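> final14.csv (CSV, C-alpha atoms (C1' of nucleotides)) pasted underneath:
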```csv
chain,number,residue,atom,x,y,z
A,35,MET,CA,-3.6,3.0,16.6
A,36,GLY,CA,-1.5,1.4,14.0
A,37,ARG,CA,-3.3,2.0,10.8
A,38,THR,CA,-2.1,2.6,7.3
A,39,ALA,CA,-1.4,6.0,5.7
A,40,ASP,CA,-4.2,8.5,5.9
A,41,TYR,CA,-3.8,11.4,3.5
A,42,SER,CA,-7.3,12.6,3.9
A,43,HIS,CA,-6.7,15.6,6.1
A,44,GLN,CA,-4.7,17.2,3.3
A,45,SER,CA,-6.3,19.4,0.7
A,46,CYS,CA,-4.3,18.6,-2.4
A,47,GLY,CA,-5.1,16.9,-5.7
A,48,ILE,CA,-2.3,14.4,-5.3
A,49,ALA,CA,-3.4,13.3,-1.9
A,50,ALA,CA,-7.0,13.1,-3.2
A,51,THR,CA,-5.8,10.8,-6.0
A,52,LEU,CA,-3.8,8.6,-3.7
A,53,GLU,CA,-6.8,8.3,-1.4
A,54,VAL,CA,-8.6,6.6,-4.3
A,55,VAL,CA,-5.8,4.7,-6.1
A,56,GLY,CA,-3.0,4.7,-3.6
A,57,ASP,CA,-3.5,1.3,-2.1
A,58,PRO,CA,-1.3,-1.6,-3.2
A,59,TRP,CA,-2.5,-3.3,-6.4
A,60,THR,CA,-5.1,-0.7,-7.2
A,61,LEU,CA,-3.2,0.9,-10.1
A,62,LEU,CA,-2.4,-2.5,-11.6
A,63,ILE,CA,-6.0,-3.4,-11.4
A,64,LEU,CA,-6.8,-0.3,-13.3
A,65,ARG,CA,-4.0,-0.9,-15.8
A,66,ASP,CA,-5.6,-4.3,-16.6
A,67,ALA,CA,-9.0,-2.7,-16.8
A,68,PHE,CA,-7.6,-0.5,-19.6
A,69,ARG,CA,-6.3,-3.6,-21.2
A,70,GLY,CA,-9.8,-5.1,-21.2
A,71,VAL,CA,-10.0,-7.1,-18.0
A,72,ARG,CA,-13.5,-7.0,-16.5
A,73,ARG,CA,-13.9,-10.0,-14.3
A,74,PHE,CA,-12.7,-11.2,-10.9
A,75,GLU,CA,-11.0,-14.3,-12.1
A,76,GLN,CA,-9.1,-12.5,-14.9
A,77,TRP,CA,-7.6,-10.0,-12.5
A,78,GLN,CA,-6.8,-12.7,-9.9
A,79,GLU,CA,-5.0,-14.9,-12.5
A,80,ARG,CA,-3.1,-12.1,-14.2
A,81,LEU,CA,-2.0,-10.2,-11.1
A,82,GLY,CA,-1.7,-13.0,-8.5
A,83,VAL,CA,-3.2,-10.7,-6.0
A,84,ALA,CA,-4.9,-12.3,-2.9
A,85,ARG,CA,-8.6,-12.9,-3.5
A,86,ASN,CA,-9.8,-11.1,-0.4
A,87,VAL,CA,-7.6,-8.1,-1.3
A,88,LEU,CA,-8.9,-8.0,-4.9
A,89,ALA,CA,-12.5,-8.2,-3.6
A,90,ALA,CA,-11.8,-5.2,-1.3
A,91,ARG,CA,-10.2,-3.2,-4.0
A,92,LEU,CA,-13.0,-3.7,-6.5
A,93,LYS,CA,-15.5,-2.7,-3.8
A,94,SER,CA,-13.5,0.4,-3.0
A,95,LEU,CA,-13.1,1.4,-6.7
A,96,VAL,CA,-16.8,1.0,-7.2
A,97,ALA,CA,-17.5,3.1,-4.1
A,98,HIS,CA,-15.3,5.9,-5.4
A,99,GLY,CA,-17.0,5.8,-8.8
A,100,VAL,CA,-13.9,4.6,-10.8
A,101,LEU,CA,-15.4,1.3,-11.7
A,102,GLU,CA,-19.0,0.4,-12.3
A,103,PRO,CA,-20.5,-3.0,-11.7
A,104,ARG,CA,-22.7,-4.5,-14.3
A,105,ARG,CA,-24.8,-7.7,-14.1
A,106,TYR,CA,-24.0,-10.0,-17.0
A,107,SER,CA,-25.8,-13.0,-15.5
A,108,GLU,CA,-28.9,-13.2,-13.3
A,109,ARG,CA,-28.7,-16.8,-12.3
A,110,PRO,CA,-26.1,-17.4,-11.0
A,111,PRO,CA,-25.7,-13.7,-10.1
A,112,ARG,CA,-22.5,-12.5,-11.7
A,113,GLN,CA,-21.2,-9.0,-12.3
A,114,GLU,CA,-18.3,-7.5,-14.2
A,115,TYR,CA,-16.6,-4.2,-13.7
A,116,LEU,CA,-16.3,-1.4,-16.2
A,117,LEU,CA,-14.3,1.8,-16.2
A,118,THR,CA,-16.5,4.9,-15.6
A,119,ALA,CA,-15.7,8.2,-17.2
A,120,LYS,CA,-13.9,9.1,-14.0
A,121,GLY,CA,-11.9,5.9,-14.3
A,122,GLN,CA,-11.1,6.5,-18.0
A,123,ALA,CA,-9.7,9.9,-16.9
A,124,LEU,CA,-6.9,8.0,-15.2
A,125,ARG,CA,-5.4,7.0,-18.5
A,126,PRO,CA,-2.9,9.9,-18.6
A,127,VAL,CA,-1.8,9.0,-15.1
A,128,LEU,CA,-1.0,5.4,-16.1
A,129,LEU,CA,0.6,6.4,-19.3
A,130,THR,CA,2.9,8.9,-17.6
A,131,MET,CA,3.8,6.3,-15.0
A,132,ALA,CA,4.5,3.7,-17.7
A,133,ASP,CA,6.7,6.2,-19.5
A,134,TRP,CA,8.8,6.9,-16.4
A,135,GLY,CA,9.2,3.3,-15.6
A,136,ASN,CA,10.2,2.4,-19.1
A,137,ARG,CA,12.6,5.3,-19.4
A,138,GLN,CA,14.1,5.6,-15.9
A,139,VAL,CA,14.0,2.0,-14.6
A,140,TYR,CA,14.2,-0.1,-17.8
A,141,GLY,CA,16.3,2.4,-19.8
A,142,ASP,CA,16.6,1.1,-23.3
A,143,GLN,CA,15.4,-2.4,-22.3
A,144,ALA,CA,11.7,-1.5,-22.1
A,145,PRO,CA,9.7,-4.6,-22.5
A,146,VAL,CA,6.8,-3.0,-24.5
A,147,ARG,CA,6.3,0.2,-26.4
A,148,PHE,CA,3.3,2.1,-27.6
A,149,ILE,CA,2.5,2.9,-31.2
A,150,HIS,CA,0.3,5.9,-31.8
A,151,ASP,CA,-2.2,4.8,-34.4
A,152,HIS,CA,-2.9,8.4,-35.4
A,153,CYS,CA,0.6,9.1,-36.7
A,154,GLY,CA,2.2,5.6,-36.8
A,155,HIS,CA,5.1,6.6,-34.6
A,156,ALA,CA,6.3,5.2,-31.3
A,157,PHE,CA,4.2,7.1,-28.7
A,158,THR,CA,6.1,9.2,-26.3
A,159,PRO,CA,3.8,11.0,-23.9
A,160,ARG,CA,4.6,14.6,-23.4
A,161,LEU,CA,2.9,17.0,-21.0
A,162,VAL,CA,2.1,20.4,-22.4
A,163,CYS,CA,0.1,23.4,-21.3
A,164,GLU,CA,-3.3,23.3,-22.9
A,165,HIS,CA,-3.3,27.0,-23.5
A,166,CYS,CA,0.0,27.7,-25.1
A,167,GLY,CA,1.0,24.2,-26.1
A,168,GLU,CA,4.5,24.6,-24.5
A,169,GLY,CA,6.2,21.8,-22.7
A,170,LEU,CA,7.3,22.0,-19.1
A,171,ILE,CA,10.5,23.4,-17.8
A,172,PRO,CA,11.5,23.5,-14.1
A,173,GLY,CA,10.2,26.5,-12.3
A,174,ASP,CA,7.5,27.5,-14.8
A,175,LEU,CA,4.6,26.8,-12.6
A,176,ARG,CA,3.3,28.9,-9.7
A,177,GLN,CA,0.7,27.6,-7.3
A,178,THR,CA,-2.2,29.9,-6.3
A,179,GLN,CA,-4.4,29.2,-3.3
A,180,ILE,CA,-7.8,29.7,-4.7
A,181,ASN,CA,-9.7,28.3,-1.7
A,182,GLU,CA,-8.0,28.9,1.5
A,183,ASP,CA,-10.1,26.6,3.6
A,184,ALA,CA,-11.0,24.1,1.0
A,185,PRO,CA,-12.6,20.8,2.1
A,186,THR,CA,-10.0,18.2,2.9
A,187,VAL,CA,-9.9,15.0,1.0
A,188,GLY,CA,-11.7,13.2,3.7
A,189,GLU,CA,-14.5,15.7,3.6
A,190,MET,CA,-14.7,15.5,-0.2
A,191,LEU,CA,-15.1,11.7,-0.1
A,192,ALA,CA,-17.4,11.9,2.9
A,193,LEU,CA,-15.5,9.4,4.9
A,194,PRO,CA,-17.0,8.7,8.3
A,195,ASP,CA,-13.6,9.4,9.8
A,196,LYS,CA,-12.2,6.7,7.5
A,197,ALA,CA,-14.4,4.3,5.6
B,197,MET,CA,4.0,-15.5,4.0
B,198,GLY,CA,2.1,-12.3,4.6
B,199,ARG,CA,4.1,-9.6,3.0
B,200,THR,CA,3.0,-6.6,1.1
B,201,ALA,CA,2.4,-6.3,-2.6
B,202,ASP,CA,5.2,-7.4,-4.8
B,203,TYR,CA,4.9,-6.3,-8.4
B,204,SER,CA,8.5,-7.2,-9.2
B,205,HIS,CA,7.8,-10.3,-11.3
B,206,GLN,CA,6.0,-8.2,-13.9
B,207,SER,CA,7.8,-6.7,-16.8
B,208,CYS,CA,5.8,-3.5,-17.2
B,209,GLY,CA,6.7,0.2,-16.8
B,210,ILE,CA,3.8,0.8,-14.5
B,211,ALA,CA,4.8,-2.0,-12.2
B,212,ALA,CA,8.4,-0.7,-12.3
B,213,THR,CA,7.2,2.7,-11.2
B,214,LEU,CA,5.1,1.4,-8.4
B,215,GLU,CA,8.0,-0.7,-7.2
B,216,VAL,CA,9.9,2.6,-6.6
B,217,VAL,CA,7.2,5.0,-5.6
B,218,GLY,CA,4.2,2.8,-4.8
B,219,ASP,CA,4.6,2.6,-1.0
B,220,PRO,CA,2.4,4.7,1.2
B,221,TRP,CA,3.7,8.3,1.7
B,222,THR,CA,6.3,8.0,-1.0
B,223,LEU,CA,4.6,10.2,-3.6
B,224,LEU,CA,3.7,12.8,-1.0
B,225,ILE,CA,7.3,12.9,0.1
B,226,LEU,CA,8.2,13.6,-3.5
B,227,ARG,CA,5.5,16.1,-3.9
B,228,ASP,CA,7.0,18.1,-1.0
B,229,ALA,CA,10.4,17.6,-2.5
B,230,PHE,CA,9.2,19.4,-5.6
B,231,ARG,CA,7.9,22.1,-3.3
B,232,GLY,CA,11.4,22.6,-1.8
B,233,VAL,CA,11.4,20.3,1.2
B,234,ARG,CA,14.8,18.8,1.8
B,235,ARG,CA,15.1,17.8,5.4
B,236,PHE,CA,13.7,15.2,7.7
B,237,GLU,CA,12.0,17.4,10.1
B,238,GLN,CA,10.2,19.4,7.4
B,239,TRP,CA,8.7,16.3,5.9
B,240,GLN,CA,7.8,14.9,9.3
B,241,GLU,CA,6.0,18.0,10.3
B,242,ARG,CA,4.2,18.7,7.0
B,243,LEU,CA,3.1,15.1,6.4
B,244,GLY,CA,2.6,13.8,9.9
B,245,VAL,CA,4.2,10.6,8.8
B,246,ALA,CA,5.7,8.3,11.4
B,247,ARG,CA,9.4,8.9,11.8
B,248,ASN,CA,10.5,5.4,11.3
B,249,VAL,CA,8.5,5.2,8.1
B,250,LEU,CA,9.9,8.5,6.8
B,251,ALA,CA,13.4,7.2,7.5
B,252,ALA,CA,12.7,4.0,5.6
B,253,ARG,CA,11.2,5.9,2.7
B,254,LEU,CA,14.1,8.3,2.3
B,255,LYS,CA,16.5,5.4,2.5
B,256,SER,CA,14.6,3.6,-0.2
B,257,LEU,CA,14.4,6.6,-2.5
B,258,VAL,CA,18.1,7.2,-2.2
B,259,ALA,CA,18.7,3.5,-3.0
B,260,HIS,CA,16.6,3.8,-6.1
B,261,GLY,CA,18.4,6.9,-7.2
B,262,VAL,CA,15.4,9.3,-6.9
B,263,LEU,CA,16.8,11.3,-4.1
B,264,GLU,CA,20.4,12.1,-3.4
B,265,PRO,CA,21.7,12.8,0.1
B,266,ARG,CA,24.0,15.7,0.6
B,267,ARG,CA,26.0,16.6,3.7
B,268,TYR,CA,25.3,20.2,4.8
B,269,SER,CA,26.9,19.9,8.2
B,270,GLU,CA,29.8,17.8,9.4
B,271,ARG,CA,29.5,18.4,13.1
B,272,PRO,CA,26.9,17.3,14.0
B,273,PRO,CA,26.5,15.1,10.9
B,274,ARG,CA,23.5,16.3,9.0
B,275,GLN,CA,22.2,15.6,5.5
B,276,GLU,CA,19.5,16.8,3.3
B,277,TYR,CA,17.9,15.1,0.3
B,278,LEU,CA,17.8,16.5,-3.2
B,279,LEU,CA,15.9,15.3,-6.2
B,280,THR,CA,18.1,13.6,-8.8
B,281,ALA,CA,17.4,13.9,-12.6
B,282,LYS,CA,15.6,10.6,-12.3
B,283,GLY,CA,13.5,12.2,-9.5
B,284,GLN,CA,12.8,15.3,-11.4
B,285,ALA,CA,11.5,13.2,-14.2
B,286,LEU,CA,8.6,12.3,-11.9
B,287,ARG,CA,7.2,15.8,-12.2
B,288,PRO,CA,4.8,14.9,-15.1
B,289,VAL,CA,3.5,11.9,-13.0
B,290,LEU,CA,2.7,14.2,-10.0
B,291,LEU,CA,1.2,16.9,-12.2
B,292,THR,CA,-1.1,14.4,-13.9
B,293,MET,CA,-2.2,12.9,-10.6
B,294,ALA,CA,-2.8,16.4,-9.2
B,295,ASP,CA,-4.9,17.3,-12.2
B,296,TRP,CA,-7.0,14.1,-11.8
B,297,GLY,CA,-7.6,14.7,-8.1
B,298,ASN,CA,-8.5,18.4,-8.6
B,299,ARG,CA,-10.8,17.6,-11.5
B,300,GLN,CA,-12.4,14.3,-10.6
B,301,VAL,CA,-12.4,14.4,-6.8
B,302,TYR,CA,-12.6,18.1,-6.0
B,303,GLY,CA,-14.6,19.1,-9.1
B,304,ASP,CA,-14.7,22.9,-9.2
B,305,GLN,CA,-13.7,23.2,-5.5
B,306,ALA,CA,-10.0,22.6,-6.2
B,307,PRO,CA,-8.0,24.1,-3.3
B,308,VAL,CA,-5.1,25.2,-5.5
B,309,ARG,CA,-4.4,25.9,-9.1
B,310,PHE,CA,-1.3,26.2,-11.2
B,311,ILE,CA,-0.4,29.2,-13.2
B,312,HIS,CA,1.9,28.7,-16.2
B,313,ASP,CA,4.4,31.5,-16.1
B,314,HIS,CA,5.2,31.1,-19.8
B,315,CYS,CA,1.8,32.1,-20.9
B,316,GLY,CA,0.2,33.5,-17.8
B,317,HIS,CA,-2.9,31.2,-18.0
B,318,ALA,CA,-4.1,28.6,-15.6
B,319,PHE,CA,-2.1,25.5,-16.3
B,320,THR,CA,-4.0,22.5,-17.4
B,321,PRO,CA,-1.8,19.6,-18.2
B,322,ARG,CA,-2.5,17.8,-21.4
B,323,LEU,CA,-0.8,14.6,-22.7
B,324,VAL,CA,0.1,14.7,-26.3
B,325,CYS,CA,2.1,12.5,-28.7
B,326,GLU,CA,5.6,14.0,-29.0
B,327,HIS,CA,5.7,13.2,-32.7
B,328,CYS,CA,2.4,14.5,-34.1
B,329,GLY,CA,1.4,16.7,-31.2
B,330,GLU,CA,-2.1,15.2,-31.1
B,331,GLY,CA,-3.9,14.5,-27.8
B,332,LEU,CA,-5.2,11.1,-26.8
B,333,ILE,CA,-8.4,9.5,-27.8
B,334,PRO,CA,-9.5,6.1,-26.5
B,335,GLY,CA,-8.2,3.2,-28.6
B,336,ASP,CA,-5.4,5.1,-30.4
B,337,LEU,CA,-2.6,3.3,-28.8
B,338,ARG,CA,-1.3,-0.2,-29.7
B,339,GLN,CA,1.1,-2.1,-27.6
B,340,THR,CA,4.0,-3.8,-29.2
B,341,GLN,CA,6.1,-6.4,-27.4
B,342,ILE,CA,9.7,-5.4,-28.3
B,343,ASN,CA,11.4,-7.7,-25.8
B,344,GLU,CA,9.6,-10.9,-25.3
B,345,ASP,CA,11.6,-12.0,-22.3
B,346,ALA,CA,12.5,-8.7,-20.8
B,347,PRO,CA,14.0,-8.6,-17.4
B,348,THR,CA,11.4,-8.3,-14.7
B,349,VAL,CA,11.2,-5.3,-12.5
B,350,GLY,CA,12.9,-7.3,-9.7
B,351,GLU,CA,15.8,-8.1,-12.0
B,352,MET,CA,16.1,-4.5,-13.2
B,353,LEU,CA,16.3,-3.2,-9.6
B,354,ALA,CA,18.6,-6.1,-8.7
B,355,LEU,CA,16.6,-7.0,-5.7
B,356,PRO,CA,17.9,-9.9,-3.7
B,357,ASP,CA,14.4,-11.4,-3.9
B,358,LYS,CA,13.1,-8.2,-2.2
B,359,ALA,CA,15.4,-5.7,-0.8
C,155,DG,C1',-28.5,-38.1,-11.7
C,156,DG,C1',-24.3,-37.8,-9.3
C,157,DA,C1',-19.7,-35.7,-9.9
C,158,DA,C1',-16.9,-32.3,-11.3
C,159,DG,C1',-16.1,-27.6,-13.0
C,160,DT,C1',-16.8,-22.4,-13.0
C,161,DG,C1',-17.3,-17.7,-11.2
C,162,DC,C1',-17.2,-14.8,-7.3
C,163,DG,C1',-16.4,-14.1,-3.5
C,164,DT,C1',-15.9,-14.9,2.3
C,165,DT,C1',-13.5,-16.6,6.4
C,166,DG,C1',-9.4,-17.7,9.5
C,167,DC,C1',-4.9,-17.7,10.2
C,168,DT,C1',0.0,-16.0,9.9
C,169,DA,C1',3.4,-12.6,8.7
C,170,DA,C1',4.7,-8.1,7.4
C,171,DA,C1',4.1,-3.1,7.5
C,172,DC,C1',2.4,1.1,9.7
C,173,DG,C1',1.4,4.6,13.9
C,174,DC,C1',3.0,6.2,18.1
C,175,DA,C1',5.8,7.4,21.9
C,176,DA,C1',10.1,7.1,23.9
C,177,DC,C1',14.8,7.2,23.5
C,178,DC,C1',19.5,8.4,21.6
C,179,DT,C1',23.5,11.2,19.9
C,180,DA,C1',25.9,15.3,19.0
C,181,DT,C1',26.0,20.1,19.0
C,182,DT,C1',24.5,24.8,19.9
C,183,DC,C1',22.2,28.4,22.6
C,184,DA,C1',20.7,30.8,26.9
D,206,DT,C1',23.8,23.6,33.7
D,207,DG,C1',19.8,23.0,31.2
D,208,DA,C1',17.0,23.2,27.2
D,209,DA,C1',16.6,23.1,22.3
D,210,DT,C1',17.5,21.3,17.6
D,211,DA,C1',18.3,17.8,13.9
D,212,DG,C1',18.1,13.2,12.4
D,213,DG,C1',17.2,9.4,13.3
D,214,DT,C1',16.4,4.2,16.1
D,215,DT,C1',13.8,1.0,19.1
D,216,DG,C1',9.6,-1.4,21.1
D,217,DC,C1',5.2,-2.3,21.2
D,218,DG,C1',0.4,-2.7,19.6
D,219,DT,C1',-2.7,-2.5,15.4
D,220,DT,C1',-3.8,-3.0,10.6
D,221,DT,C1',-3.2,-5.0,6.3
D,222,DA,C1',-1.5,-8.3,2.9
D,223,DG,C1',-0.8,-13.3,1.6
D,224,DC,C1',-2.5,-17.9,1.6
D,225,DA,C1',-5.4,-21.7,1.7
D,226,DA,C1',-9.9,-23.5,2.6
D,227,DC,C1',-14.6,-23.1,2.2
D,228,DG,C1',-19.4,-21.7,0.4
D,229,DC,C1',-22.8,-21.1,-3.0
D,230,DA,C1',-25.3,-21.2,-7.1
D,231,DC,C1',-25.4,-22.7,-11.2
D,232,DT,C1',-23.7,-25.6,-15.6
D,233,DT,C1',-21.7,-29.3,-17.8
D,234,DC,C1',-19.8,-33.9,-18.3
D,235,DC,C1',-20.1,-38.9,-17.8
```
Let's see the structure in the file written out as structure tokens.

Amino acid sequence: MGRTADYSHQSCGIAATLEVVGDPWTLLILRDAFRGVRRFEQWQERLGVARNVLAARLKSLVAHGVLEPRRYSERPPRQEYLLTAKGQALRPVLLTMADWGNRQVYGDQAPVRFIHDHCGHAFTPRLVCEHCGEGLIPGDLRQTQINEDAPTVGEMLALPDKA
Amino acid sequence: MGRTADYSHQSCGIAATLEVVGDPWTLLILRDAFRGVRRFEQWQERLGVARNVLAARLKSLVAHGVLEPRRYSERPPRQEYLLTAKGQALRPVLLTMADWGNRQVYGDQAPVRFIHDHCGHAFTPRLVCEHCGEGLIPGDLRQTQINEDAPTVGEMLALPDKA
DNA sequence: GGAAGTGCGTTGCTAAACGCAACCTATTCA
DNA sequence: TGAATAGGTTGCGTTTAGCAACGCACTTCC
């Protein structure tokens, strides 16, 4: 069977994340959601994504609880899509990716930059340990298996052997 | 033409990142690279990815400067793949994704957890502003266009209209 | 009141990309 | 001599993305 990548047999947070947002376009759809996009036509126009693919992605994100549909018109029936709390929690992921792209791909030619309202400076995301506040250095993390036979991603998402 | 997602006309750090690591399996290949995997057979066995796909991904990651091939045997010719500095810079991206997956998909059933050697506590990544050290709250970032007609992702990567 | 426009999709078709198994090359080991 | 190892490549079938056309239920314009 020639189907696309299936990470669901792994028990790993990264694989779990990719299972939800790893499809093409999905992260850009969410990026635009953070920028205020809520409606089908807006995404279609801004991304240039195929309409059937966009429909499938929105459906999948709703199914995974990342977006929530909301009726804004009864006749004709129209809905928009809002980020849930689970979806909002993806903001650090997108910011970290944006920073890598700006820094490592664009170098000093980054097309946009973030300003942190709180302090007024250019925002450079930095990942620190919540406990001690220290940044990361290579080799300072150890992995502990806390659940030897944890459910796999597929089991967590209750996929009927692939939705 | 029915080809796969092409983000390259956008000028955006997220799109730039996805252009490099957005293909299926790529981020899991890199995850395993951070765990010490360097050789074809190790990736193939651990991920179960198709061999031709794995070969294509390694080639692409080398082309993008994320992995670097290194000869470790002349006869027979054998090479292994090491993370470059550019590749190592993806660690925050993977850690942030792992945290989202553990927290939002697995909930309290996370299969593994990180221990921060520096302080000895469970490591919870937290994204802060490098200047003021504050965490993020919704709406505290403003985007500024610093380069109105920045090169697109495709131009940055010098793709001959898609490598 | 008929025609055109809007918003949100669905349907068919074609072209890439993936999964799988088989194969290949070169070398070492039994 | 035969099998095993390492790192791929090649063919073939299936899945997915891209694209254009269509459908539907209103609303607005002339």
> Applying 9 Å and only C-alpha atoms (C1' of nucleotides), which residues near D:DG213 remain after dropping the ones on its own chain fewer than 4 positions away? List them as a PDB file with C-alpha atoms (C1' of nucleotides), in the coordinates of the input.

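Output saved as out28.pdb:
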```pdb
ATOM      1  CA  PHE B 236      13.700  15.200   7.700  1.00  0.00           C
ATOM      2  CA  ARG B 247       9.400   8.900  11.800  1.00  0.00           C
ATOM      3  CA  ASN B 248      10.500   5.400  11.300  1.00  0.00           C
ATOM      4  CA  ALA B 251      13.400   7.200   7.500  1.00  0.00           C
TER       5      ALA B 251
ATOM      6  C1'  DC C 178      19.500   8.400  21.600  1.00  0.00           C
TER       7       DC C 178
END
```
> What are the residues of chain A lining chain C at 10 Å or less? Count all atoms listed in the file, and put the answer as number ranges by chain.
A: 35-39, 73-75, 85-86, 88-89, 110-113
> A:Cys153: which residues within 10 Å, counting only C-alpha atoms (C1' of nucleotides), same-chain residues fewer than 5 positions away excluded, as a list in words?
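Here the answer would be Cys325, His327, Cys328, Gly329, Glu330 and Asp336 of chain B.
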> Near stretch 132-145 of chain A, within 7 Å and counting all atoms listed in the file, which residues show up once chain neighbours fewer than 2 positions away are dropped, as a PyMOL selection string?
(chain A and resi 128-130) or (chain B and resi 207-210+212-213+282+341-344+346+352)
> Report the distance between atom CA of A:Gly70 and atom CA of B:Arg338 in Å, rounded to one decimal place.
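Here the two named atoms are 13.0 Å from each other.
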> Report, as JSON, the centre and edge lengths in Å (one decimal) of the axis-aligned box enclosing every listed atom of stretch 217-225 of chain D, padded by 8 Å on each side.

```
{"center_x": -0.1, "center_y": -12.0, "center_z": 11.4, "size_x": 26.6, "size_y": 35.4, "size_z": 35.6}
```
> Return the neighbours of chain B among the residues of chain D, cut-off 8 Å, counting all atoms listed in the file, as JSON, numbers by chain.
{"D": [211, 212, 213, 214, 222, 223, 224]}
> Calculate how many Å separate atom CA of A:Tyr41 from atom CA of B:Leu214, rounding to one decimal.
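These atoms are spaced 17.9 Å apart.
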> At a cut-off of 9 Å, using all atoms listed in the file, what residues contact A:Leu101? Leave out same-chain residues fewer than 5 positions from it and give the result as a list of chain:residue names.
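Everything that qualifies: A:Leu64, A:Leu92, A:Lys93, A:Ser94, A:Leu95, A:Val96, A:Tyr115, A:Leu116, A:Leu117, A:Thr118, A:Ala119, A:Lys120, A:Gly121.
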> Between atom CA of A:Arg80 and atom CA of B:Leu286, what is the distance in Å, rounded to a tenth?
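A separation of 27.2 Å between them.
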> Which of these residues is nearest to chain B, using all atoms listed in the file: A:Asp151, A:Glu102, A:Glu108, A:Asp66?
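Result for the nearest residue to chain B: A:Asp151.
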> Which is closer to chain B than all the others in A:Asp40, A:Glu53, A:Glu164, A:Glu79, using all atoms listed in the file?
A:Glu164
> Using all atoms listed in the file for the distances, tell me which of A:Ala123, A:Leu175, A:Met131, A:Leu170 is nearest to B:Gly316.
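Counting all atoms listed in the file, the residue closest to B:Gly316 is A:Leu175.
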> Using only C-alpha atoms, which residue out of B:Pro321, B:Gly261, B:Gly244, B:Pro334 lies closest to chain A?
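Between B:Pro321, B:Gly261, B:Gly244, B:Pro334, the residue approaching chain A most closely is B:Pro321.
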> Out of B:Thr340, B:Gly331, B:Glu351, B:Arg267, which residue has the shortest atom-to-atom distance to chain A when counting all atoms listed in the file?
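Of B:Thr340, B:Gly331, B:Glu351, B:Arg267, the one nearest chain A, counting all atoms listed in the file, is B:Thr340.
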> Find the residue from A:Phe148, A:Pro185, A:Ala156, A:Ala97 that sits nearest to chain B; use only C-alpha atoms when measuring.
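Nearest candidate to chain B out of A:Phe148, A:Pro185, A:Ala156, A:Ala97: A:Phe148.
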> Add whatever atoms are absent from stretch 85-98 of chain A to reach N, CA and C atoms, and provide the output as a PDB file, in the frame of the given file.

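Below you can see result_35.pdb, which holds the result:
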```
ATOM      1  N   ARG A  85      -7.162 -13.050  -3.127  1.00  0.00           N
ATOM      2  CA  ARG A  85      -8.600 -12.900  -3.500  1.00  0.00           C
ATOM      3  C   ARG A  85      -9.330 -11.945  -2.599  1.00  0.00           C
ATOM      4  N   ASN A  86      -9.053 -11.983  -1.321  1.00  0.00           N
ATOM      5  CA  ASN A  86      -9.800 -11.100  -0.400  1.00  0.00           C
ATOM      6  C   ASN A  86      -9.345  -9.622  -0.685  1.00  0.00           C
ATOM      7  N   VAL A  87      -8.085  -9.415  -1.016  1.00  0.00           N
ATOM      8  CA  VAL A  87      -7.600  -8.100  -1.300  1.00  0.00           C
ATOM      9  C   VAL A  87      -8.258  -7.571  -2.608  1.00  0.00           C
ATOM     10  N   LEU A  88      -8.313  -8.430  -3.602  1.00  0.00           N
ATOM     11  CA  LEU A  88      -8.900  -8.000  -4.900  1.00  0.00           C
ATOM     12  C   LEU A  88     -10.401  -7.670  -4.654  1.00  0.00           C
ATOM     13  N   ALA A  89     -11.097  -8.464  -3.874  1.00  0.00           N
ATOM     14  CA  ALA A  89     -12.500  -8.200  -3.600  1.00  0.00           C
ATOM     15  C   ALA A  89     -12.634  -6.802  -2.918  1.00  0.00           C
ATOM     16  N   ALA A  90     -11.759  -6.527  -1.968  1.00  0.00           N
ATOM     17  CA  ALA A  90     -11.800  -5.200  -1.300  1.00  0.00           C
ATOM     18  C   ALA A  90     -11.511  -4.086  -2.197  1.00  0.00           C
ATOM     19  N   ARG A  91     -10.532  -4.249  -3.091  1.00  0.00           N
ATOM     20  CA  ARG A  91     -10.200  -3.200  -4.000  1.00  0.00           C
ATOM     21  C   ARG A  91     -11.290  -2.875  -4.985  1.00  0.00           C
ATOM     22  N   LEU A  92     -11.908  -3.920  -5.532  1.00  0.00           N
ATOM     23  CA  LEU A  92     -13.000  -3.700  -6.500  1.00  0.00           C
ATOM     24  C   LEU A  92     -14.131  -2.954  -5.778  1.00  0.00           C
ATOM     25  N   LYS A  93     -14.426  -3.359  -4.554  1.00  0.00           N
ATOM     26  CA  LYS A  93     -15.500  -2.700  -3.800  1.00  0.00           C
ATOM     27  C   LYS A  93     -15.162  -1.218  -3.606  1.00  0.00           C
ATOM     28  N   SER A  94     -13.910  -0.952  -3.259  1.00  0.00           N
ATOM     29  CA  SER A  94     -13.500   0.400  -3.000  1.00  0.00           C
ATOM     30  C   SER A  94     -13.544   1.260  -4.303  1.00  0.00           C
ATOM     31  N   LEU A  95     -13.108   0.680  -5.410  1.00  0.00           N
ATOM     32  CA  LEU A  95     -13.100   1.400  -6.700  1.00  0.00           C
ATOM     33  C   LEU A  95     -14.530   1.718  -7.127  1.00  0.00           C
ATOM     34  N   VAL A  96     -15.429   0.787  -6.865  1.00  0.00           N
ATOM     35  CA  VAL A  96     -16.800   1.000  -7.200  1.00  0.00           C
ATOM     36  C   VAL A  96     -17.368   2.157  -6.281  1.00  0.00           C
ATOM     37  N   ALA A  97     -17.031   2.091  -5.005  1.00  0.00           N
ATOM     38  CA  ALA A  97     -17.500   3.100  -4.100  1.00  0.00           C
ATOM     39  C   ALA A  97     -16.998   4.504  -4.458  1.00  0.00           C
ATOM     40  N   HIS A  98     -15.811   4.562  -5.037  1.00  0.00           N
ATOM     41  CA  HIS A  98     -15.300   5.900  -5.400  1.00  0.00           C
ATOM     42  C   HIS A  98     -15.665   6.261  -6.850  1.00  0.00           C
TER      43      HIS A  98
END
```
